[in-house]
There are 2 protein chains.
Amino acid sequence: MSFAKLDAASRKLEALEHALSILGADEATHMAVGGGEKRAEAMAELAGMHHQQATAPVIADWIDAAKSEDLEPDQRLAVGEFERDYVNATCLPTEFVQRRTTATMRSEQLWRDLRAKGDWDSFLPALEGVIALVREEAGLRAEATGLAPYDALMDQYDPGNRTADIDGVFADLKAFLTDFVPVALDVQDQRLARRPRKTLNAPYPIEKQRELGLAAMRAVGFDFTHGSLAVSHHPFCGGVPSDVRMTTRYRTDEFLSSLMGVLHETGHALYEQGLPKSWSHWPLGKARGMGMHESQSLFVEMQIARSGAFWEFMLPLVHQHLGEDAIPGWDIADILNEVNFVERGYIRVDADEVTYPLHVILRYELEQELVSGKLEASQIPEAWDAKMTEYLGISTINDPKDGPMQDVHWPGGAFGYFPSYTLGAMIAAQLGTAMRKDLPDMDEQMRAGDFSAINQWRGDKVWSQASRFSTPELITRATGEPLNADHFKAHLRKRYGQA
Amino acid sequence: MSFAKLDAASRKLEALEHALSILGADEATHMAVGGGEKRAEAMAELAGMHHQQATAPVIADWIDAAKSEDLEPDQRLAVGEFERDYVNATCLPTEFVQRRTTATMRSEQLWRDLRAKGDWDSFLPALEGVIALVREEAGLRAEATGLAPYDALMDQYDPGNRTADIDGVFADLKAFLTDFVPVALDVQDQRLARRPRKTLNAPYPIEKQRELGLAAMRAVGFDFTHGSLAVSHHPFCGGVPSDVRMTTRYRTDEFLSSLMGVLHETGHALYEQGLPKSWSHWPLGKARGMGMHESQSLFVEMQIARSGAFWEFMLPLVHQHLGEDAIPGWDIADILNEVNFVERGYIRVDADEVTYPLHVILRYELEQELVSGKLEASQIPEAWDAKMTEYLGISTINDPKDGPMQDVHWPGGAFGYFPSYTLGAMIAAQLGTAMRKDLPDMDEQMRAGDFSAINQWRGDKVWSQASRFSTPELITRATGEPLNADHFKAHLRKRYGQA
């Protein structure tokens with residue numbers, strides 16, 4: 001049985017992925033500082049073994065043979081995903097992968113140094129080299145998949161996403177937001193004039209913040225028999241579905257950024273913990289893609305944890321863990337003033353949910369032109385500045401550090417990834433609309449701290465589906481319609497459009 | 001170059017060993033409880049890849065070819081250790097390894113259940129099965145190595161150790177100890193009559209005990225850039241030389257057992273941290289064996305940390321970390337009363353350094369007869385009782401739980417391992433004698449908390465030598481003579497023989 005051989009091979013790959021995931025999480029949380037060099041060597045060797053096993057020509061033979069075997073429906077879908085992984089892993093020649101790895105590693109290292117200095121000119125040659133390789137990669141991936149070059153890049157992160165579908169949705173959203181941002185800011189000014197932002201009663205001891213975060217995780221459904229929370233410099237959700245490794249970081253002068261970060265990562269964690277367990281070793285058993293994953297973290301962060309209903313449940317927990325005087329005189333509206341604060345800014349990762357998509361759409365537009373050759377790297381600062389001025393009314397022409405040098409993605413060669421962030425926000429809103437139809441008392445449940453029906457719905461519609469369907473198919477099946485910006489727009493209007 | 005191929009292959013094996021070590025330490029310290037099943041699957045797959053790569057027939061070809069290549073002296077020694085590992089890994093047919101693994105896993109599981117109940121009769125058939133397999137294994141290993149069957153088992157743990165050498169040393173030690181134990185107990189009675197044991201001022205908070213343990217580790221030379229201390233149910237020293245994972249456990253009603261445990265494990269850790277870094281991926285670069293490893297932990301625990309000189313340095317640290325009232329009215333003699341308390345007991349792992357070797361020699365004698373067939377499993381309880389009565393004056397005939405059922409080694413099929421514990425104690429004492437010749441002011445240095453010269457000596461003589469020499473050769477090179485029980489006897493006489 002060729003399928004049985006694929007099954008056995010995928011158990012070996014899963015073991016290597018398990019090791020790489022846990023070693024990666026361990027590196028960021030528990031590794032001694034001097035252990036990094038040997039850790040890097042070990043992980044490179046393990047990644048090499050994974051690549052070698054995943055790309056063995058015999059896998060292609062087994063896939064072909066399995067297609068004509070008598071399989072269960074899930075097994076048939078599994079073969080499709082085995083093939084998808086195999087094509088993705090084999091479509092780049094080894095010689096090219098080596099060139100690209102060397103170039104992007106150097107470019108990333110250079111970027112870390114030059115970004116701090118805002119030295120665009122010195123960085124430009126490295127970025128030009130990376131973009132040349134990305135064009136080459138897009139061509140190779142296009143050839144292997146039959147997709148257009150940028151679609152072929154994007155398909156790695158969100159299978160089935162196509163510019164033909166996204167262009168229109170993003171154009172719609174962009175038009176809405178360029179009008180809506182000033183409205184939201186105006187509404188906020190009016191609100192803050194009536195209810196000014198309140199002061200915090202810092203310091204907030206880390207151990208107490210940790211207990212608060214654990215309580216929030218537990219409340220929204222994190223399963224501590226299959227995961228844990230640690231500290232790392234950059235928060236992440238890693239590990240494996242059977243043992244999800246979440247991290248946060250703490251500052252003692254405020255507690256909301258860690259708490260909201262914990263809730264965001266918990267959204268990722270719930271997806272991993274909710275995947276089907278019996279075929280976790282098949283590609284079919286994995287989470288669908290980056291956009292869908294981000295939709296799950298943003299569902300918890302934006303649809304749940306930045307809502308008034310949620311804070312009716314959460315505020316008492318804050319008092320319980322941080323003390324009655326932690327935020328003296330604050331009520332839920334004061335919390336919402338903080339967590340839903342909108343402002344025009346330079347930096348994507350610091351942006352609120354209203355302005356964030358404009359940062360993403362800017363990059364989505366530019367990187368398509370960079371991949372197609374319509375735009376050259378040297379033209380990025382001007383193009384970036386023009387779009388920032390147009391979309392957000394702020395200029396970056398004299399500040400490359402906080403302009404086109406702010407993200408690691410391009411220096412690292414990750415083109416086609418940015419749209420996933422905003423697709424995630426839109427999918428989260430669309431799931432929210434659909435869920436409210438099935439669970440009209442969702443707000444009541446949140447007020448009561450009862451997330452069981454909410455998670456049951458998400459588990460049925462998304463988590464348990466793993467990689468059974470392409471991203472667009474999964475959206476349609478879960479919500480009854482294709483991706484539609486209206487739900488996200490309505491969500492923003494409701495939260496930010498009324499005084 | 002065949003040597004270069006061995007070198008590259010050993011880097012892959014090292015990566016898998018790195019993953020297995022860190023995953024193992026992680027499992028005991030940070031893994032979520034529900035992660036165990038997938039972790040076991042992943043580790044079994046990784047161990048399988050390791051075995052497959054380590055036993056590939058081409059390795060034998062490379063070893064043969066490398067022997068006639070023009071190599072550096074270290075490389076030539078490395079080939080010898082590559083060959084030793086290869087022979088050890090390939091001398092058992094796969095079919096046998098599978099049978100043995102199944103039998104020992106079942107036997108261990110059964111033992112965990114039946115030991116608690118003291119049900120020897122129900123356990124006997126499983127142990128008989130394991131012993132039959134051990135005899136078969138000893139024969140296969142003897143054939144592959146040209147050694148006698150029991151020597152072939154022992155050689156896995158301490159290369160070069162032979163019953164021909166050890167029998168005499170153990171007989172000497174046994175004769176000494178059967179006389180000396182009553183003397184030590186009598187001396188202790190006299191001392192305690194003059195100075196009764198003092199009471200502790202518990203509770204000792206875990207966080208303070210942790211700080212004390214870290215201070216002790218730091219003092220005796222643990223490098224925190226290449227290791228850390230965590231908590232686990234069973235203390236261990238694991239991880240990799242570049243990132244040593246040490247653990248301890250705490251009880252709040254006393255602090256000495258955790259502290260002494262930490263010092264013991266630090267001895268293991270210093271050996272790992274002191275191994276040569278440039279060829280850590282070769283078998284030659286690894287610690288020599290279990291006896292030598294135990295000598296390093298026991299050097300810190302017995303030669304250093306149970307001495308009065310050490311406690312002149314350590315006692316102020318106890319006060320600093322646990323408080324001035326932690327052990328009210330205690331001076332160094334009171335501490336030594338505790339840490340060097342001698343008593344006849346049933347349980348090896350609870351035994352003090354005077355009685356411990358008798359527990360080991362008993363097992364060494366019995367397991368040789370079990371392997372040779374002179375003794376059958378059914379005869380163990382009587383044989384065990386006879387020796388316990390002869391050596392320690394206590395009978396176990398009605399208590400198999402605390403008699404022959406107390407250790408996991410035999411249920412797990414690990415025959416030939418026990419002697420390493422007492423060899424370690426003797427090597428540690430012999431190293432102590434040799435070190436004092438080179439460092440006559442060793443006690444002064446310990447009083448001052450200065451372990452640099454002591455560790456330099458140990459690094460030169462043992463750690464940096466890695467697996468360059470067999471265990472007996474390494475002993476002779478480090479101390480100027482072969483293993484000699486006189487040094488351990490003198491150590492015991494000095495510490496326990498005078499009132």
# chains A, B, ... in the order shown; residues from 1 in each chain; ligands from 1

$ interface_residues --of "chain B" --to "chain A" --cutoff "8 Å" --atoms "only C-alpha atoms" --output "number ranges by chain"
B: 11-12, 14-16, 18-19, 22-23, 31-35, 38-39, 41-43, 45-46, 224-228, 242-243

$ residues_around --residues "range 343-360 of chain B" --least-positions-apart "3" --cutoff "9 Å" --atoms "only C-alpha atoms" --output "compact mmCIF listing (two decimals) with N, CA and C atoms, in the first residue's frame"
# COMPACT_ATOMS: atom_id res chain seq x y z
N PHE B 170 37.01 -5.07 44.66
CA PHE B 170 35.74 -5.13 45.40
C PHE B 170 35.86 -6.08 46.61
N LEU B 173 37.59 -4.19 49.27
CA LEU B 173 36.71 -3.17 49.84
C LEU B 173 35.63 -3.81 50.72
N LYS B 174 35.11 -4.92 50.25
CA LYS B 174 34.05 -5.60 51.02
C LYS B 174 34.58 -6.07 52.37
N LEU B 177 34.91 -3.05 54.56
CA LEU B 177 33.67 -2.40 54.99
C LEU B 177 32.88 -3.24 55.99
N THR B 178 32.89 -4.57 55.82
CA THR B 178 32.13 -5.37 56.79
C THR B 178 32.70 -5.16 58.19
N PHE B 180 34.42 -2.25 58.94
CA PHE B 180 34.45 -0.81 59.22
C PHE B 180 33.08 -0.23 59.57
N VAL B 181 32.02 -0.77 58.97
CA VAL B 181 30.68 -0.21 59.24
C VAL B 181 30.39 -0.18 60.74
N ALA B 184 32.39 2.66 62.28
CA ALA B 184 31.87 3.99 61.94
C ALA B 184 30.60 4.28 62.75
N LEU B 185 29.77 3.27 62.92
CA LEU B 185 28.53 3.48 63.70
C LEU B 185 28.85 3.75 65.16
N MET B 302 31.27 14.13 47.57
CA MET B 302 31.92 13.47 48.71
C MET B 302 33.27 14.09 49.07
N VAL B 339 25.05 15.65 57.21
CA VAL B 339 25.34 15.22 55.83
C VAL B 339 26.18 13.94 55.82
N ASN B 340 26.87 13.65 56.93
CA ASN B 340 27.68 12.44 56.97
C ASN B 340 27.10 11.39 57.92
N ARG B 363 25.06 -6.59 44.50
CA ARG B 363 24.44 -6.68 43.17
C ARG B 363 25.45 -7.15 42.11
N TYR B 364 26.66 -6.66 42.22
CA TYR B 364 27.73 -7.06 41.28
C TYR B 364 27.94 -8.56 41.35
N GLU B 365 27.99 -9.09 42.54
CA GLU B 365 28.19 -10.54 42.71
C GLU B 365 27.00 -11.32 42.17
N MET B 388 22.79 -9.56 52.30
CA MET B 388 22.44 -8.40 53.14
C MET B 388 22.73 -8.71 54.61
N TYR B 391 26.67 -8.79 54.92
CA TYR B 391 27.40 -7.52 54.73
C TYR B 391 26.90 -6.42 55.66
N LEU B 392 25.58 -6.39 55.87
CA LEU B 392 25.02 -5.26 56.61
C LEU B 392 24.23 -5.68 57.85
N GLY B 393 24.13 -6.99 58.03
CA GLY B 393 23.47 -7.45 59.25
C GLY B 393 21.97 -7.22 59.27
N ILE B 394 21.37 -7.07 58.08
CA ILE B 394 19.91 -6.91 58.07
C ILE B 394 19.30 -7.87 57.07
N SER B 395 18.12 -8.35 57.39
CA SER B 395 17.49 -9.37 56.57
C SER B 395 16.38 -8.77 55.71
N THR B 396 16.29 -9.26 54.48
CA THR B 396 15.28 -8.76 53.56
C THR B 396 14.33 -9.86 53.12
N ASP B 402 11.72 -3.88 49.45
CA ASP B 402 12.93 -3.16 49.84
C ASP B 402 14.16 -4.05 49.73
N GLY B 403 13.97 -5.18 49.08
CA GLY B 403 15.10 -6.06 48.81
C GLY B 403 15.34 -6.07 47.31
N GLN B 406 13.90 -3.35 44.65
CA GLN B 406 14.01 -1.91 44.85
C GLN B 406 14.55 -1.13 43.65
N ASP B 407 15.32 -1.78 42.78
CA ASP B 407 15.97 -1.03 41.69
C ASP B 407 15.30 -1.28 40.34
N PHE B 418 25.66 -1.60 37.71
CA PHE B 418 25.81 -1.32 39.14
C PHE B 418 27.25 -1.03 39.58
N PRO B 419 28.26 -1.80 39.12
CA PRO B 419 29.60 -1.53 39.64
C PRO B 419 30.05 -0.08 39.42
N SER B 420 29.51 0.58 38.37
CA SER B 420 29.95 1.94 38.08
C SER B 420 29.79 2.88 39.28
N TYR B 421 28.73 2.65 40.07
CA TYR B 421 28.50 3.56 41.20
C TYR B 421 29.68 3.53 42.18
N THR B 422 30.10 2.33 42.52
CA THR B 422 31.17 2.23 43.52
C THR B 422 32.54 2.48 42.91
N LEU B 423 32.71 2.09 41.65
CA LEU B 423 33.94 2.49 40.97
C LEU B 423 34.06 4.01 41.00
N ALA B 425 32.92 6.09 43.23
CA ALA B 425 33.30 6.54 44.58
C ALA B 425 34.79 6.31 44.81
N LEU B 492 37.42 7.04 53.95
CA LEU B 492 36.37 6.67 54.91
C LEU B 492 36.92 6.65 56.34
N TYR B 496 35.14 8.90 58.95
CA TYR B 496 34.17 8.19 59.80
C TYR B 496 34.85 7.35 60.89

$ atom_distance --atom1 "CA of Val87 in chain B" --atom2 "CA of Leu275 in chain B"
23.7 Å

$ residues_around --residues "Gln190 in chain B" --least-positions-apart "5" --cutoff "12 Å" --atoms "only C-alpha atoms" --output "PyMOL selection string"
chain B and resi 183-185+195-196+337+496-499

$ write_last_selection --atoms "C-alpha atoms" --output "tab-separated table (two decimals), in the first residue's frame"
chain	number	residue	atom	x	y	z
B	183	VAL	CA	33.36	0.99	63.75
B	184	ALA	CA	31.87	3.99	61.94
B	185	LEU	CA	28.53	3.48	63.70
B	195	ARG	CA	26.88	16.56	70.24
B	196	PRO	CA	23.28	15.49	69.58
B	337	ASN	CA	26.57	15.31	61.70
B	496	TYR	CA	34.17	8.19	59.80
B	497	GLY	CA	36.85	6.31	61.75
B	498	GLN	CA	37.80	8.85	64.40
B	499	ALA	CA	35.62	10.28	67.10

$ closest_residue --among "B:Ala490, B:Met154, B:Ile397, B:Leu270" --to "Glu382 in chain B" --atoms "only C-alpha atoms"
B:Ile397

$ residues_around --residues "range 442-459 of chain A" --least-positions-apart "6" --cutoff "12 Å" --atoms "only C-alpha atoms" --output "mmCIF file with N, CA and C atoms, in the first residue's frame"
data_model
loop_
_atom_site.group_PDB
_atom_site.id
_atom_site.type_symbol
_atom_site.label_atom_id
_atom_site.label_comp_id
_atom_site.auth_asym_id
_atom_site.auth_seq_id
_atom_site.Cartn_x
_atom_site.Cartn_y
_atom_site.Cartn_z
ATOM 1 N N ALA A 215 -5.276 33.142 33.961
ATOM 2 C CA ALA A 215 -6.729 33.113 34.190
ATOM 3 C C ALA A 215 -7.482 33.447 32.904
ATOM 4 N N ALA A 216 -6.973 34.431 32.153
ATOM 5 C CA ALA A 216 -7.612 34.800 30.887
ATOM 6 C C ALA A 216 -7.526 33.651 29.882
ATOM 7 N N MET A 217 -6.359 33.025 29.794
ATOM 8 C CA MET A 217 -6.188 31.889 28.883
ATOM 9 C C MET A 217 -7.175 30.772 29.232
ATOM 10 N N ARG A 218 -7.238 30.456 30.517
ATOM 11 C CA ARG A 218 -8.112 29.383 30.983
ATOM 12 C C ARG A 218 -9.565 29.713 30.639
ATOM 13 N N ALA A 219 -9.927 30.986 30.881
ATOM 14 C CA ALA A 219 -11.319 31.393 30.649
ATOM 15 C C ALA A 219 -11.705 31.206 29.184
ATOM 16 N N VAL A 220 -10.843 31.634 28.251
ATOM 17 C CA VAL A 220 -11.246 31.546 26.845
ATOM 18 C C VAL A 220 -10.994 30.175 26.244
ATOM 19 N N GLY A 221 -10.506 29.221 27.057
ATOM 20 C CA GLY A 221 -10.511 27.844 26.587
ATOM 21 C C GLY A 221 -9.179 27.165 26.370
ATOM 22 N N PHE A 222 -8.087 27.825 26.730
ATOM 23 C CA PHE A 222 -6.781 27.176 26.578
ATOM 24 C C PHE A 222 -6.736 25.928 27.445
ATOM 25 N N GLY A 267 -5.554 32.738 20.870
ATOM 26 C CA GLY A 267 -6.337 32.447 19.675
ATOM 27 C C GLY A 267 -5.604 31.488 18.749
ATOM 28 N N LEU A 270 -5.601 27.972 20.483
ATOM 29 C CA LEU A 270 -6.858 27.214 20.423
ATOM 30 C C LEU A 270 -6.990 26.486 19.092
ATOM 31 N N TYR A 271 -6.564 27.136 18.010
ATOM 32 C CA TYR A 271 -6.586 26.502 16.687
ATOM 33 C C TYR A 271 -5.730 25.235 16.712
ATOM 34 N N GLU A 272 -4.504 25.363 17.208
ATOM 35 C CA GLU A 272 -3.608 24.193 17.251
ATOM 36 C C GLU A 272 -4.175 23.090 18.141
ATOM 37 N N GLN A 273 -4.685 23.485 19.308
ATOM 38 C CA GLN A 273 -5.218 22.483 20.242
ATOM 39 C C GLN A 273 -6.496 21.836 19.708
ATOM 40 N N GLY A 274 -7.193 22.540 18.801
ATOM 41 C CA GLY A 274 -8.451 22.026 18.279
ATOM 42 C C GLY A 274 -8.319 21.217 17.009
ATOM 43 N N LEU A 275 -7.095 21.068 16.486
ATOM 44 C CA LEU A 275 -6.899 20.278 15.260
ATOM 45 C C LEU A 275 -7.204 18.809 15.528
ATOM 46 N N PRO A 276 -7.617 18.069 14.492
ATOM 47 C CA PRO A 276 -7.906 16.639 14.705
ATOM 48 C C PRO A 276 -6.636 15.906 15.125
ATOM 49 N N ALA A 287 -2.974 23.061 10.578
ATOM 50 C CA ALA A 287 -3.765 24.284 10.395
ATOM 51 C C ALA A 287 -3.664 24.721 8.931
ATOM 52 N N MET A 292 -5.707 32.074 7.847
ATOM 53 C CA MET A 292 -6.704 31.427 8.709
ATOM 54 C C MET A 292 -6.212 31.408 10.150
ATOM 55 N N SER A 295 -6.685 34.695 11.588
ATOM 56 C CA SER A 295 -8.109 34.936 11.867
ATOM 57 C C SER A 295 -8.489 34.378 13.232
ATOM 58 N N GLN A 296 -7.841 33.302 13.640
ATOM 59 C CA GLN A 296 -8.168 32.700 14.927
ATOM 60 C C GLN A 296 -7.587 33.500 16.097
ATOM 61 N N SER A 297 -6.370 34.031 15.912
ATOM 62 C CA SER A 297 -5.825 34.888 16.976
ATOM 63 C C SER A 297 -6.598 36.195 17.034
ATOM 64 N N PHE A 299 -9.658 36.656 16.087
ATOM 65 C CA PHE A 299 -11.013 36.432 16.608
ATOM 66 C C PHE A 299 -11.014 36.628 18.119
ATOM 67 N N VAL A 300 -10.049 36.006 18.790
ATOM 68 C CA VAL A 300 -9.989 36.164 20.246
ATOM 69 C C VAL A 300 -9.633 37.600 20.610
ATOM 70 N N GLN A 303 -12.542 40.188 18.062
ATOM 71 C CA GLN A 303 -13.980 39.933 18.172
ATOM 72 C C GLN A 303 -14.388 39.700 19.626
ATOM 73 N N ILE A 304 -13.489 39.101 20.404
ATOM 74 C CA ILE A 304 -13.824 38.830 21.808
ATOM 75 C C ILE A 304 -13.222 39.879 22.741
ATOM 76 N N ALA A 305 -11.877 39.960 22.765
ATOM 77 C CA ALA A 305 -11.211 40.584 23.915
ATOM 78 C C ALA A 305 -11.171 42.115 23.873
ATOM 79 N N ARG A 306 -11.584 42.722 22.771
ATOM 80 C CA ARG A 306 -11.665 44.183 22.761
ATOM 81 C C ARG A 306 -13.128 44.650 22.786
ATOM 82 N N SER A 307 -13.998 43.741 23.222
ATOM 83 C CA SER A 307 -15.426 44.105 23.272
ATOM 84 C C SER A 307 -15.833 44.436 24.705
ATOM 85 N N GLY A 308 -16.858 45.269 24.832
ATOM 86 C CA GLY A 308 -17.378 45.610 26.154
ATOM 87 C C GLY A 308 -17.921 44.402 26.899
ATOM 88 N N ALA A 309 -18.591 43.512 26.157
ATOM 89 C CA ALA A 309 -19.167 42.339 26.805
ATOM 90 C C ALA A 309 -18.080 41.506 27.479
ATOM 91 N N PHE A 310 -16.987 41.291 26.759
ATOM 92 C CA PHE A 310 -15.879 40.521 27.327
ATOM 93 C C PHE A 310 -15.348 41.181 28.592
ATOM 94 N N TRP A 311 -15.245 42.518 28.560
ATOM 95 C CA TRP A 311 -14.648 43.196 29.711
ATOM 96 C C TRP A 311 -15.559 43.206 30.932
ATOM 97 N N GLU A 312 -16.856 42.982 30.715
ATOM 98 C CA GLU A 312 -17.709 42.817 31.899
ATOM 99 C C GLU A 312 -17.284 41.580 32.681
ATOM 100 N N PHE A 313 -16.831 40.580 31.931
ATOM 101 C CA PHE A 313 -16.307 39.381 32.588
ATOM 102 C C PHE A 313 -14.871 39.595 33.083
ATOM 103 N N MET A 314 -14.067 40.302 32.279
ATOM 104 C CA MET A 314 -12.625 40.372 32.528
ATOM 105 C C MET A 314 -12.249 41.351 33.631
ATOM 106 N N LEU A 315 -12.983 42.447 33.745
ATOM 107 C CA LEU A 315 -12.577 43.478 34.708
ATOM 108 C C LEU A 315 -12.494 42.937 36.149
ATOM 109 N N PRO A 316 -13.472 42.156 36.571
ATOM 110 C CA PRO A 316 -13.331 41.590 37.928
ATOM 111 C C PRO A 316 -12.084 40.708 38.085
ATOM 112 N N LEU A 317 -11.717 40.011 37.010
ATOM 113 C CA LEU A 317 -10.497 39.187 37.078
ATOM 114 C C LEU A 317 -9.260 40.063 37.271
ATOM 115 N N ILE A 332 -15.607 49.906 32.462
ATOM 116 C CA ILE A 332 -15.345 49.224 31.196
ATOM 117 C C ILE A 332 -15.060 50.211 30.065
ATOM 118 N N ALA A 428 -11.866 36.963 10.525
ATOM 119 C CA ALA A 428 -12.339 36.971 11.914
ATOM 120 C C ALA A 428 -13.677 37.698 12.015
ATOM 121 N N LEU A 431 -16.360 35.567 10.376
ATOM 122 C CA LEU A 431 -16.731 34.470 11.272
ATOM 123 C C LEU A 431 -17.594 34.991 12.415
ATOM 124 N N GLY A 432 -17.260 36.187 12.889
ATOM 125 C CA GLY A 432 -18.048 36.783 13.969
ATOM 126 C C GLY A 432 -19.495 36.987 13.562
ATOM 127 N N THR A 433 -19.700 37.530 12.351
ATOM 128 C CA THR A 433 -21.065 37.732 11.852
ATOM 129 C C THR A 433 -21.815 36.409 11.764
ATOM 130 N N ALA A 434 -21.137 35.416 11.180
ATOM 131 C CA ALA A 434 -21.791 34.108 11.008
ATOM 132 C C ALA A 434 -22.103 33.477 12.358
ATOM 133 N N MET A 435 -21.174 33.604 13.288
ATOM 134 C CA MET A 435 -21.379 33.007 14.602
ATOM 135 C C MET A 435 -22.580 33.629 15.315
ATOM 136 N N ARG A 436 -22.702 34.930 15.192
ATOM 137 C CA ARG A 436 -23.814 35.607 15.881
ATOM 138 C C ARG A 436 -25.180 35.145 15.355
ATOM 139 N N GLN A 465 -11.549 21.220 10.834
ATOM 140 C CA GLN A 465 -11.443 21.075 9.374
ATOM 141 C C GLN A 465 -9.992 21.003 8.914
ATOM 142 N N ALA A 466 -9.067 21.431 9.786
ATOM 143 C CA ALA A 466 -7.637 21.358 9.478
ATOM 144 C C ALA A 466 -7.384 21.848 8.047
ATOM 145 N N ILE A 475 -13.435 29.400 4.150
ATOM 146 C CA ILE A 475 -14.190 30.606 4.524
ATOM 147 C C ILE A 475 -15.657 30.440 4.117
ATOM 148 N N ALA A 478 -17.466 27.905 6.257
ATOM 149 C CA ALA A 478 -17.676 28.311 7.650
ATOM 150 C C ALA A 478 -18.694 29.433 7.769
ATOM 151 N N THR A 479 -18.750 30.308 6.749
ATOM 152 C CA THR A 479 -19.558 31.530 6.901
ATOM 153 C C THR A 479 -20.700 31.620 5.898
#

$ residues_around --residues "range 119-128 of chain A" --least-positions-apart "4" --cutoff "7 Å" --atoms "only C-alpha atoms" --output "VMD selection string"
chain A and resid 107 110 to 111 114 to 115 132 377 to 378 400 411

$ select_by_dssp --residues "range 128-338 of chain B" --states "helix (DSSP H, G or I)" --output "number ranges by chain"
B: 128-145, 149-157, 163-194, 206-220, 224-226, 256-273, 283-285, 290-304, 308-322, 332-338

$ closest_residue --among "B:Arg468, B:Arg197, B:Thr252, B:Asp438" --to "Pro73 in chain B" --atoms "only C-alpha atoms"
B:Arg468

$ closest_residue --among "B:Trp62, B:Tyr157, B:Tyr204, B:Tyr86" --to "Arg288 in chain B" --atoms "only C-alpha atoms"
B:Tyr157

$ residues_around --residues "Ala326 in chain B" --least-positions-apart "3" --cutoff "8 Å" --atoms "only C-alpha atoms" --output "number ranges by chain"
B: 200-202, 204, 318-319, 322-323

$ residues_around --residues "Asn484 in chain A" --least-positions-apart "5" --cutoff "8 Å" --atoms "only C-alpha atoms" --output "list in words"
Val169, Met426 and Gln430 of chain A

$ write_last_selection --atoms "N, CA and C atoms" --output "PDB file, in the first residue's frame"
ATOM      1  N   VAL A 169     -11.291  42.934  -2.977  1.00  0.00           N
ATOM      2  CA  VAL A 169     -11.633  43.046  -1.551  1.00  0.00           C
ATOM      3  C   VAL A 169     -10.771  44.110  -0.885  1.00  0.00           C
ATOM      4  N   MET A 426     -10.208  40.219   8.390  1.00  0.00           N
ATOM      5  CA  MET A 426     -11.486  40.164   7.682  1.00  0.00           C
ATOM      6  C   MET A 426     -12.198  38.837   7.916  1.00  0.00           C
ATOM      7  N   GLN A 430     -15.830  38.191   9.604  1.00  0.00           N
ATOM      8  CA  GLN A 430     -16.847  37.432   8.881  1.00  0.00           C
ATOM      9  C   GLN A 430     -17.305  36.217   9.686  1.00  0.00           C
TER      10      GLN A 430
END

$ closest_residue --among "A:Asp172, A:Asp74, A:Asp441, A:Glu473" --to "Asp486 in chain A" --atoms "only C-alpha atoms"
A:Asp172

$ select_by_dssp --residues "range 185-285 of chain B" --states "strand (DSSP E or B)" --output "ChimeraX atom specification"
/B:227-231,237-240,243-248
